[in-house]
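Enquirer: File follows, work12.txt with compact mmCIF, C-alpha atoms:
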# COMPACT_ATOMS: atom_id res chain seq x y z
CA MET S 121 0.00 0.00 0.00
CA SER S 122 1.34 3.44 -0.93
CA GLU S 123 2.00 6.16 1.64
CA THR S 124 -0.80 8.18 0.04
CA ALA S 125 -3.27 5.34 0.40
CA LEU S 126 -2.20 4.82 4.01
CA HIS S 127 -2.67 8.52 4.69
CA ASP S 128 -6.20 8.31 3.29
CA LEU S 129 -7.31 5.58 5.72
CA LEU S 130 -9.99 6.90 8.05
CA LEU S 131 -9.29 7.03 11.78
CA SER S 132 -12.96 7.30 12.74
CA GLY S 133 -16.33 6.96 11.08
CA SER S 134 -19.95 6.83 12.22
CA PHE S 135 -23.24 5.25 11.21
CA ARG S 136 -26.72 5.18 12.73
CA ILE S 137 -28.93 2.28 13.70
CA GLY S 138 -32.29 3.90 14.38
CA ARG S 139 -31.62 6.26 17.31
CA THR S 140 -28.23 4.68 18.12
CA LEU S 141 -25.02 6.31 16.89
CA VAL S 142 -22.07 3.96 16.36
CA THR S 143 -18.58 5.36 15.82
CA HIS S 144 -15.65 3.17 14.86
CA LEU S 145 -12.59 4.67 16.58
CA SER S 146 -9.08 3.78 15.49
CA ASP S 147 -6.27 3.14 17.95
CA GLY S 148 -3.82 2.76 15.12
CA VAL S 149 -3.41 1.25 11.65
CA VAL S 150 -0.80 -1.29 10.62
CA VAL S 151 -0.16 -2.40 7.04
CA GLU S 152 1.45 -5.83 6.88
CA PRO S 153 0.95 -9.37 5.49
CA ARG S 154 -1.95 -11.22 7.08
CA ALA S 155 -1.76 -14.80 5.84
CA ASN S 156 -2.59 -15.85 9.42
CA TRP S 157 -6.19 -14.73 8.75
CA PHE S 158 -6.44 -17.81 6.52
CA HIS S 159 -4.58 -20.30 8.69
CA GLY S 160 -3.90 -23.63 7.01
CA VAL S 161 -5.59 -22.60 3.75
CA ASP S 162 -3.70 -22.97 0.49
CA PRO S 163 -2.76 -19.43 -0.63
CA ALA S 164 -3.95 -20.35 -4.13
CA CYS S 165 -7.46 -20.52 -2.63
CA TRP S 166 -7.57 -17.34 -0.59
CA MET S 167 -5.34 -15.00 -2.61
CA PRO S 168 -7.72 -14.47 -5.59
CA VAL S 169 -10.69 -14.03 -3.25
CA VAL S 170 -9.06 -11.14 -1.38
CA GLY S 171 -7.23 -9.71 -4.39
CA ALA S 172 -3.74 -10.58 -3.15
CA GLY S 173 -0.83 -11.03 -5.55
CA SER S 174 1.21 -13.10 -3.09
CA PRO S 175 0.86 -14.51 0.44
CA ASP S 176 2.94 -11.55 1.62
CA THR S 177 0.59 -8.92 0.22
CA PRO S 178 0.11 -6.29 2.96
CA PHE S 179 -3.35 -5.46 4.28
CA PRO S 180 -4.40 -2.44 6.37
CA VAL S 181 -5.37 -3.60 9.85
CA THR S 182 -7.35 -1.28 12.12
CA PHE S 183 -7.00 -1.53 15.87
CA GLY S 184 -9.50 0.20 18.13
CA GLY S 185 -13.13 -0.15 19.16
CA PHE S 186 -16.67 1.16 18.77
CA LEU S 187 -18.34 4.00 20.65
CA VAL S 188 -22.03 3.13 21.03
CA GLN S 189 -24.30 6.04 21.98
CA THR S 190 -27.95 5.20 22.67
CA PRO S 191 -30.59 7.47 24.18
CA ASP S 192 -30.01 5.62 27.47
CA ALA S 193 -26.27 4.99 27.73
CA THR S 194 -22.78 5.55 26.35
CA ALA S 195 -20.72 2.40 25.90
CA MET S 196 -17.54 1.18 24.30
CA PHE S 197 -17.18 -2.15 22.53
CA ASP S 198 -13.44 -2.86 22.86
CA CYS S 199 -10.93 -0.10 23.50
CA GLY S 200 -7.81 -0.75 21.45
CA ILE S 201 -4.17 -1.41 22.31
CA GLY S 202 -3.55 1.57 24.54
CA PRO S 203 -0.11 2.65 25.81
CA LEU S 204 1.54 -0.50 24.42
CA ALA S 205 0.64 0.29 20.81
CA ARG S 206 4.03 1.44 19.58
CA SER S 207 6.01 -1.25 21.40
CA MET S 208 3.70 -4.03 20.19
CA PHE S 209 3.49 -2.76 16.61
CA PRO S 210 6.54 -0.70 15.57
CA GLY S 211 5.60 1.63 12.74
CA ILE S 212 1.92 1.73 13.66
CA ARG S 213 0.21 4.87 12.39
CA GLU S 214 -1.64 6.88 15.10
CA GLY S 215 -1.01 4.06 17.55
CA GLY S 216 -2.48 4.46 21.03
CA ASN S 217 -4.58 7.49 20.10
CA LEU S 218 -8.07 6.07 20.66
CA LEU S 219 -8.73 8.56 23.47
CA HIS S 220 -8.03 11.40 21.03
CA ARG S 221 -10.56 9.88 18.64
CA LEU S 222 -13.02 9.60 21.53
CA GLU S 223 -12.50 13.29 22.34
CA GLU S 224 -13.06 14.19 18.67
CA ALA S 225 -16.40 12.35 18.94
CA GLY S 226 -17.33 14.67 21.83
CA VAL S 227 -17.04 12.11 24.63
CA ALA S 228 -14.72 12.13 27.65
CA PRO S 229 -13.57 8.79 29.15
CA GLY S 230 -15.49 9.61 32.34
CA GLU S 231 -18.74 9.82 30.35
CA VAL S 232 -18.57 6.17 29.28
CA ASP S 233 -21.02 4.07 31.31
CA ARG S 234 -19.92 0.59 30.24
CA VAL S 235 -17.00 -0.97 28.41
CA VAL S 236 -17.73 -4.34 26.81
CA ILE S 237 -14.62 -6.34 25.94
CA SER S 238 -15.06 -8.83 23.10
CA HIS S 239 -12.06 -10.78 24.42
CA LEU S 240 -8.90 -10.16 26.40
CA HIS S 241 -6.27 -9.94 23.71
CA LEU S 242 -4.27 -6.81 24.45
CA ASP S 243 -5.21 -5.11 21.19
CA HIS S 244 -8.84 -5.11 22.37
CA CYS S 245 -8.51 -4.21 26.05
CA GLY S 246 -5.28 -2.20 26.33
CA HIS S 247 -6.90 1.15 27.12
CA LEU S 248 -8.71 -0.22 30.18
CA LEU S 249 -5.77 0.92 32.31
CA LYS S 250 -3.53 3.97 32.18
CA PRO S 251 0.27 3.52 32.36
CA ASP S 252 0.09 4.11 36.14
CA GLY S 253 -2.42 1.26 36.52
CA SER S 254 -5.46 3.45 37.20
CA LEU S 255 -8.74 3.10 35.33
CA THR S 256 -9.06 4.95 32.03
CA PHE S 257 -12.87 4.86 32.03
CA GLU S 258 -13.27 5.73 35.70
CA SER S 259 -17.08 5.68 35.76
CA ALA S 260 -17.61 2.57 33.66
CA GLU S 261 -18.47 -1.02 34.44
CA VAL S 262 -16.34 -3.45 32.43
CA TRP S 263 -18.24 -6.42 31.00
CA LEU S 264 -16.95 -9.72 29.62
CA HIS S 265 -18.10 -13.32 29.48
CA HIS S 266 -17.29 -15.35 32.59
CA ARG S 267 -15.45 -17.98 30.49
CA GLU S 268 -13.09 -15.27 29.27
CA ALA S 269 -12.01 -14.33 32.80
CA GLU S 270 -11.69 -18.00 33.79
CA TYR S 271 -9.63 -18.84 30.69
CA TRP S 272 -7.05 -16.10 31.21
CA ARG S 273 -6.64 -17.05 34.86
CA SER S 274 -6.06 -20.70 33.94
CA ALA S 275 -3.05 -22.67 32.71
CA SER S 276 -4.86 -23.08 29.37
CA ALA S 277 -3.92 -19.50 28.43
CA ALA S 278 -0.19 -20.09 28.86
CA GLY S 279 0.48 -20.16 25.12
CA ASN S 280 -1.68 -17.14 24.31
CA ILE S 281 -0.69 -13.45 24.21
CA GLU S 282 0.80 -12.17 27.50
CA PRO S 283 -1.51 -13.96 29.96
CA ALA S 284 0.41 -12.60 32.97
CA ARG S 285 -0.32 -9.03 31.88
CA ILE S 286 -3.98 -9.88 31.27
CA ARG S 287 -4.24 -11.29 34.79
CA ARG S 288 -2.92 -7.98 36.11
CA TYR S 289 -5.66 -6.20 34.17
CA LEU S 290 -8.27 -8.52 35.65
CA ASP S 291 -6.89 -8.03 39.16
CA ALA S 292 -6.99 -4.24 38.77
CA LEU S 293 -10.57 -4.26 37.52
CA GLN S 294 -11.69 -6.61 40.27
CA SER S 295 -9.93 -4.56 42.95
CA ALA S 296 -11.66 -1.43 41.66
CA GLY S 297 -15.05 -3.19 41.84
CA VAL S 298 -15.91 -2.54 38.19
CA LEU S 299 -15.55 -6.02 36.66
CA ARG S 300 -18.85 -7.58 35.60
CA THR S 301 -19.27 -11.01 33.99
CA TYR S 302 -22.20 -12.72 32.31
CA ALA S 303 -23.07 -16.26 31.21
CA ASP S 304 -26.02 -16.17 28.79
CA GLU S 305 -27.10 -13.68 26.16
CA PHE S 306 -28.81 -10.70 27.73
CA GLU S 307 -29.76 -7.06 27.21
CA LEU S 308 -27.11 -4.85 28.79
CA SER S 309 -29.16 -1.71 28.22
CA PRO S 310 -32.18 -0.98 26.00
CA GLY S 311 -31.25 -2.04 22.47
CA VAL S 312 -27.80 -3.40 23.40
CA ARG S 313 -27.41 -7.20 23.69
CA LEU S 314 -24.30 -9.20 24.54
CA ILE S 315 -24.01 -12.51 22.68
CA PRO S 316 -21.62 -15.29 23.73
CA SER S 317 -19.58 -16.12 20.62
CA PRO S 318 -16.82 -18.56 21.58
CA GLY S 319 -14.03 -19.79 19.37
CA HIS S 320 -11.39 -17.12 18.91
CA THR S 321 -11.18 -17.29 22.69
CA PRO S 322 -13.47 -19.34 24.96
CA GLY S 323 -15.38 -16.27 26.19
CA HIS S 324 -15.46 -14.12 23.07
CA THR S 325 -18.47 -11.77 22.92
CA ALA S 326 -20.37 -10.06 20.10
CA MET S 327 -22.75 -7.11 20.43
CA LEU S 328 -26.17 -6.77 18.79
CA LEU S 329 -27.66 -3.28 18.52
CA SER S 330 -31.37 -2.73 17.84
CA SER S 331 -33.27 0.52 17.48
CA ALA S 332 -36.41 1.59 15.61
CA GLY S 333 -36.59 -1.70 13.74
CA ALA S 334 -32.97 -1.64 12.57
CA HIS S 335 -30.07 -3.79 13.74
CA ALA S 336 -26.28 -3.97 13.70
CA MET S 337 -23.78 -6.60 14.81
CA LEU S 338 -20.34 -5.70 16.10
CA LEU S 339 -18.34 -8.88 15.61
CA GLY S 340 -15.01 -8.41 17.38
CA ASP S 341 -12.58 -11.03 16.07
CA ILE S 342 -15.22 -13.35 14.64
CA VAL S 343 -14.16 -11.98 11.25
CA HIS S 344 -11.07 -10.09 10.14
CA HIS S 345 -11.84 -9.76 6.43
CA THR S 346 -15.10 -9.69 4.47
CA ALA S 347 -13.99 -12.96 2.82
CA HIS S 348 -14.74 -14.72 6.10
CA PHE S 349 -18.47 -14.25 5.55
CA THR S 350 -18.41 -16.45 2.45
CA HIS S 351 -15.60 -18.72 3.67
CA PRO S 352 -16.35 -19.35 7.36
CA ARG S 353 -13.82 -22.23 7.52
CA TRP S 354 -10.93 -19.84 6.80
CA LEU S 355 -10.03 -19.36 10.44
CA GLN S 356 -7.49 -17.12 12.13
CA SER S 357 -4.33 -18.68 13.57
CA TYR S 358 -5.08 -17.45 17.10
CA ASP S 359 -8.48 -19.17 17.31
CA VAL S 360 -8.32 -21.23 20.50
CA GLU S 361 -11.36 -23.39 19.67
CA PRO S 362 -11.52 -23.70 15.85
CA GLU S 363 -14.71 -25.75 15.65
CA SER S 364 -16.49 -23.38 18.04
CA SER S 365 -15.26 -20.45 15.97
CA PHE S 366 -16.74 -21.97 12.82
CA ALA S 367 -20.06 -22.74 14.54
CA THR S 368 -20.19 -19.22 15.98
CA ARG S 369 -19.71 -17.71 12.53
CA LEU S 370 -22.55 -19.74 11.05
CA GLU S 371 -24.91 -18.94 13.92
CA LEU S 372 -24.25 -15.20 13.87
CA PHE S 373 -24.23 -14.91 10.08
CA ASP S 374 -27.61 -16.66 9.99
CA ARG S 375 -28.94 -14.31 12.64
CA ALA S 376 -27.60 -11.23 10.87
CA ALA S 377 -29.27 -12.41 7.66
CA ARG S 378 -32.63 -12.94 9.39
CA LEU S 379 -32.48 -9.49 10.95
CA GLY S 380 -31.09 -7.69 7.92
CA ALA S 381 -28.42 -6.39 10.29
CA VAL S 382 -25.51 -4.19 9.34
CA VAL S 383 -22.31 -6.09 10.18
CA THR S 384 -18.82 -4.84 10.89
CA ALA S 385 -15.78 -5.79 12.97
CA VAL S 386 -13.01 -4.09 14.92
CA HIS S 387 -10.06 -4.88 12.63
CA MET S 388 -11.76 -3.89 9.37
CA PRO S 389 -10.88 -0.58 7.67
CA ILE S 390 -13.06 2.32 8.80
CA LEU S 391 -15.88 2.22 7.75
CA THR S 392 -16.54 -1.32 6.51
CA LEU S 393 -20.31 -1.86 6.56
CA GLY S 394 -22.48 -4.43 4.86
CA THR S 395 -25.19 -7.02 5.21
CA VAL S 396 -25.30 -10.80 4.89
CA THR S 397 -27.78 -13.04 3.08
CA THR S 398 -28.07 -16.81 3.06
CA THR S 399 -27.94 -19.03 -0.01
CA GLY S 400 -30.08 -22.05 -0.79
CA SER S 401 -27.18 -24.32 0.12
CA GLY S 402 -26.80 -22.80 3.59
CA GLY S 403 -23.90 -20.55 2.70
CA HIS S 404 -23.63 -16.78 3.11
CA VAL S 405 -23.05 -13.83 0.82
CA TYR S 406 -21.68 -10.49 2.01
CA HIS S 407 -23.09 -7.30 0.48
CA PRO S 408 -21.05 -4.13 1.06
CA ALA S 409 -23.13 -1.05 1.75
CA PRO S 410 -23.02 1.40 -1.18
CA PRO S 411 -20.96 4.42 -0.10
CA ASP S 412 -23.70 6.84 -1.21
CA ARG S 413 -26.57 5.10 0.58
CA PRO S 414 -27.30 5.42 4.33
CA VAL S 415 -27.19 2.16 6.24
CA GLY S 416 -29.00 1.03 9.33
CA GLN S 417 -32.24 2.87 8.71
CA PRO S 418 -35.53 0.93 8.87
Render the structure in this file as structure tokens.
Expert:
Amino acid sequence: MSETALHDLLLSGSFRIGRTLVTHLSDGVVVEPRANWFHGVDPACWMPVVGAGSPDTPFPVTFGGFLVQTPDATAMFDCGIGPLARSMFPGIREGGNLLHRLEEAGVAPGEVDRVVISHLHLDHCGHLLKPDGSLTFESAEVWLHHREAEYWRSASAAGNIEPARIRRYLDALQSAGVLRTYADEFELSPGVRLIPSPGHTPGHTAMLLSSAGAHAMLLGDIVHHTAHFTHPRWLQSYDVEPESSFATRLELFDRAARLGAVVTAVHMPILTLGTVTTTGSGGHVYHPAPPDRPVGQP
């Protein structure tokens, strides 16, 4: 990707679902090869689908999260890499600047009521704590699935990304009295549902937004590229439970199709919006939203 094209990548972008405003906030952009998004798949299969000339073709990868503003609450779905951005990803553009993007959206960290973490990889939860260990979102509850907390505190997480650091995050949240866990799908606030979506990690979570007859799904790391909608078996190398990841994709893609929901995910370029339909054979087709047509309106 050219420097000009990299410069043109958006660092924030918004769309509406009924009365809910959703803003995708970048915490940095990295352009690098991403063959690990298609783990174990012959490059001859995935390269033409994604328009890659070689397995080392670089892709823009967004890190960050979503600001979700409803009439009743202000929430975040994931919160980026945080202070570790530049050390984890040398050369990252605008790394660690999610709080600046939040300010540009007119929201201070103290105005966030809830932070929902899709899963506890550091590039999704890094801004939970400041460098001094204090809470970034000082007024917010922090929500995650109970299996996610249990996994990162167990020996099973030993081979994953920095489990000792994640345990320190969990300890800090628990000590502050802000950590909240859930087991089954439920409505966190009017029009905001948390959906267990295991596979990438055992306690991965998706968010379903509903307002005025319209819907959107925020998919975390269930997908990394739009090709994953039509090729749900092309799994990411970090998926802890591959078969669960595949089953989760099918279940949520089916649900998105039934609802006519707008779908997007944290690592996709800002803004990547579309819908999913089912085929007669049980497969799925992704339909990008036309850039000149509003999405999410009933």
Enquirer: Listing only residues of region 152-260 of chain S within 10 Å of region 277-297 of chain S, what is the closest atom pair and its distance in Å (to one decimal) for each, using all atoms listed in the file, sorted by chain and residue number ascending, as a Markdown table?
Expert:
| residue | atom | partner | partner_atom | distance |
| --- | --- | --- | --- | --- |
| S:Leu240 | CA | S:Ile286 | CA | 6.9 |
| S:His241 | CA | S:Ile281 | CA | 6.6 |
| S:Leu242 | CA | S:Ile286 | CA | 7.5 |
| S:Asp243 | CA | S:Ile281 | CA | 10.0 |
| S:Cys245 | CA | S:Tyr289 | CA | 8.8 |
| S:Gly246 | CA | S:Tyr289 | CA | 8.8 |
| S:Leu248 | CA | S:Tyr289 | CA | 7.8 |
| S:Leu249 | CA | S:Tyr289 | CA | 7.4 |
| S:Gly253 | CA | S:Ala292 | CA | 7.5 |
| S:Ser254 | CA | S:Ala292 | CA | 8.0 |
| S:Leu255 | CA | S:Leu293 | CA | 7.9 |
| S:Glu258 | CA | S:Ala296 | CA | 9.5 |
Enquirer: Could you tell me how far CA of Trp263 (chain S) sits from CA of Ala275 (chain S), in Å to one decimal place?
Expert: 22.3 Å
Enquirer: Take CA of Asp176 (chain S) and CA of His144 (chain S) and report the distance between them in Å, one decimal.
Expert: 27.2 Å
Enquirer: With region 307-322 of chain S as the partner and 10 Å as the cut-off, tabulate the residues of region 156-218 of chain S that qualify, each row holding the nearest pair of atoms and their distance in Å to one decimal, using all atoms listed in the file, sorted by chain and rising number, as a Markdown table.
Expert:
| residue | atom | partner | partner_atom | distance |
| --- | --- | --- | --- | --- |
| S:Val188 | CA | S:Val312 | CA | 9.0 |
| S:Thr190 | CA | S:Gly311 | CA | 8.0 |
| S:Pro191 | CA | S:Pro310 | CA | 8.8 |
| S:Asp192 | CA | S:Pro310 | CA | 7.1 |
| S:Ala193 | CA | S:Ser309 | CA | 7.3 |
| S:Thr194 | CA | S:Ser309 | CA | 9.8 |
| S:Ala195 | CA | S:Val312 | CA | 9.5 |
Enquirer: Take the residues that were just selected and, keeping C-alpha atoms, output them as an mmCIF file, in the coordinates of the input.
Expert:
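out.cif written:
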data_model
loop_
_atom_site.group_PDB
_atom_site.id
_atom_site.type_symbol
_atom_site.label_atom_id
_atom_site.label_comp_id
_atom_site.auth_asym_id
_atom_site.auth_seq_id
_atom_site.Cartn_x
_atom_site.Cartn_y
_atom_site.Cartn_z
ATOM 1 C CA VAL S 188 -22.030 3.130 21.030
ATOM 2 C CA THR S 190 -27.950 5.200 22.670
ATOM 3 C CA PRO S 191 -30.590 7.470 24.180
ATOM 4 C CA ASP S 192 -30.010 5.620 27.470
ATOM 5 C CA ALA S 193 -26.270 4.990 27.730
ATOM 6 C CA THR S 194 -22.780 5.550 26.350
ATOM 7 C CA ALA S 195 -20.720 2.400 25.900
#
Enquirer: Could you give me, as a PDB file with C-alpha atoms, in the frame of the given file, the residues that have an atom at most 12 Å away from the point (-1.0, -16.0, -3.3) in the coordinates of the file, using only C-alpha atoms?
Expert:
ATOM      1  CA  PRO S 153       0.950  -9.370   5.490  1.00  0.00           C
ATOM      2  CA  ARG S 154      -1.950 -11.220   7.080  1.00  0.00           C
ATOM      3  CA  ALA S 155      -1.760 -14.800   5.840  1.00  0.00           C
ATOM      4  CA  PHE S 158      -6.440 -17.810   6.520  1.00  0.00           C
ATOM      5  CA  VAL S 161      -5.590 -22.600   3.750  1.00  0.00           C
ATOM      6  CA  ASP S 162      -3.700 -22.970   0.490  1.00  0.00           C
ATOM      7  CA  PRO S 163      -2.760 -19.430  -0.630  1.00  0.00           C
ATOM      8  CA  ALA S 164      -3.950 -20.350  -4.130  1.00  0.00           C
ATOM      9  CA  CYS S 165      -7.460 -20.520  -2.630  1.00  0.00           C
ATOM     10  CA  TRP S 166      -7.570 -17.340  -0.590  1.00  0.00           C
ATOM     11  CA  MET S 167      -5.340 -15.000  -2.610  1.00  0.00           C
ATOM     12  CA  PRO S 168      -7.720 -14.470  -5.590  1.00  0.00           C
ATOM     13  CA  VAL S 169     -10.690 -14.030  -3.250  1.00  0.00           C
ATOM     14  CA  VAL S 170      -9.060 -11.140  -1.380  1.00  0.00           C
ATOM     15  CA  GLY S 171      -7.230  -9.710  -4.390  1.00  0.00           C
ATOM     16  CA  ALA S 172      -3.740 -10.580  -3.150  1.00  0.00           C
ATOM     17  CA  GLY S 173      -0.830 -11.030  -5.550  1.00  0.00           C
ATOM     18  CA  SER S 174       1.210 -13.100  -3.090  1.00  0.00           C
ATOM     19  CA  PRO S 175       0.860 -14.510   0.440  1.00  0.00           C
ATOM     20  CA  ASP S 176       2.940 -11.550   1.620  1.00  0.00           C
ATOM     21  CA  THR S 177       0.590  -8.920   0.220  1.00  0.00           C
ATOM     22  CA  PRO S 178       0.110  -6.290   2.960  1.00  0.00           C
TER      23      PRO S 178
END
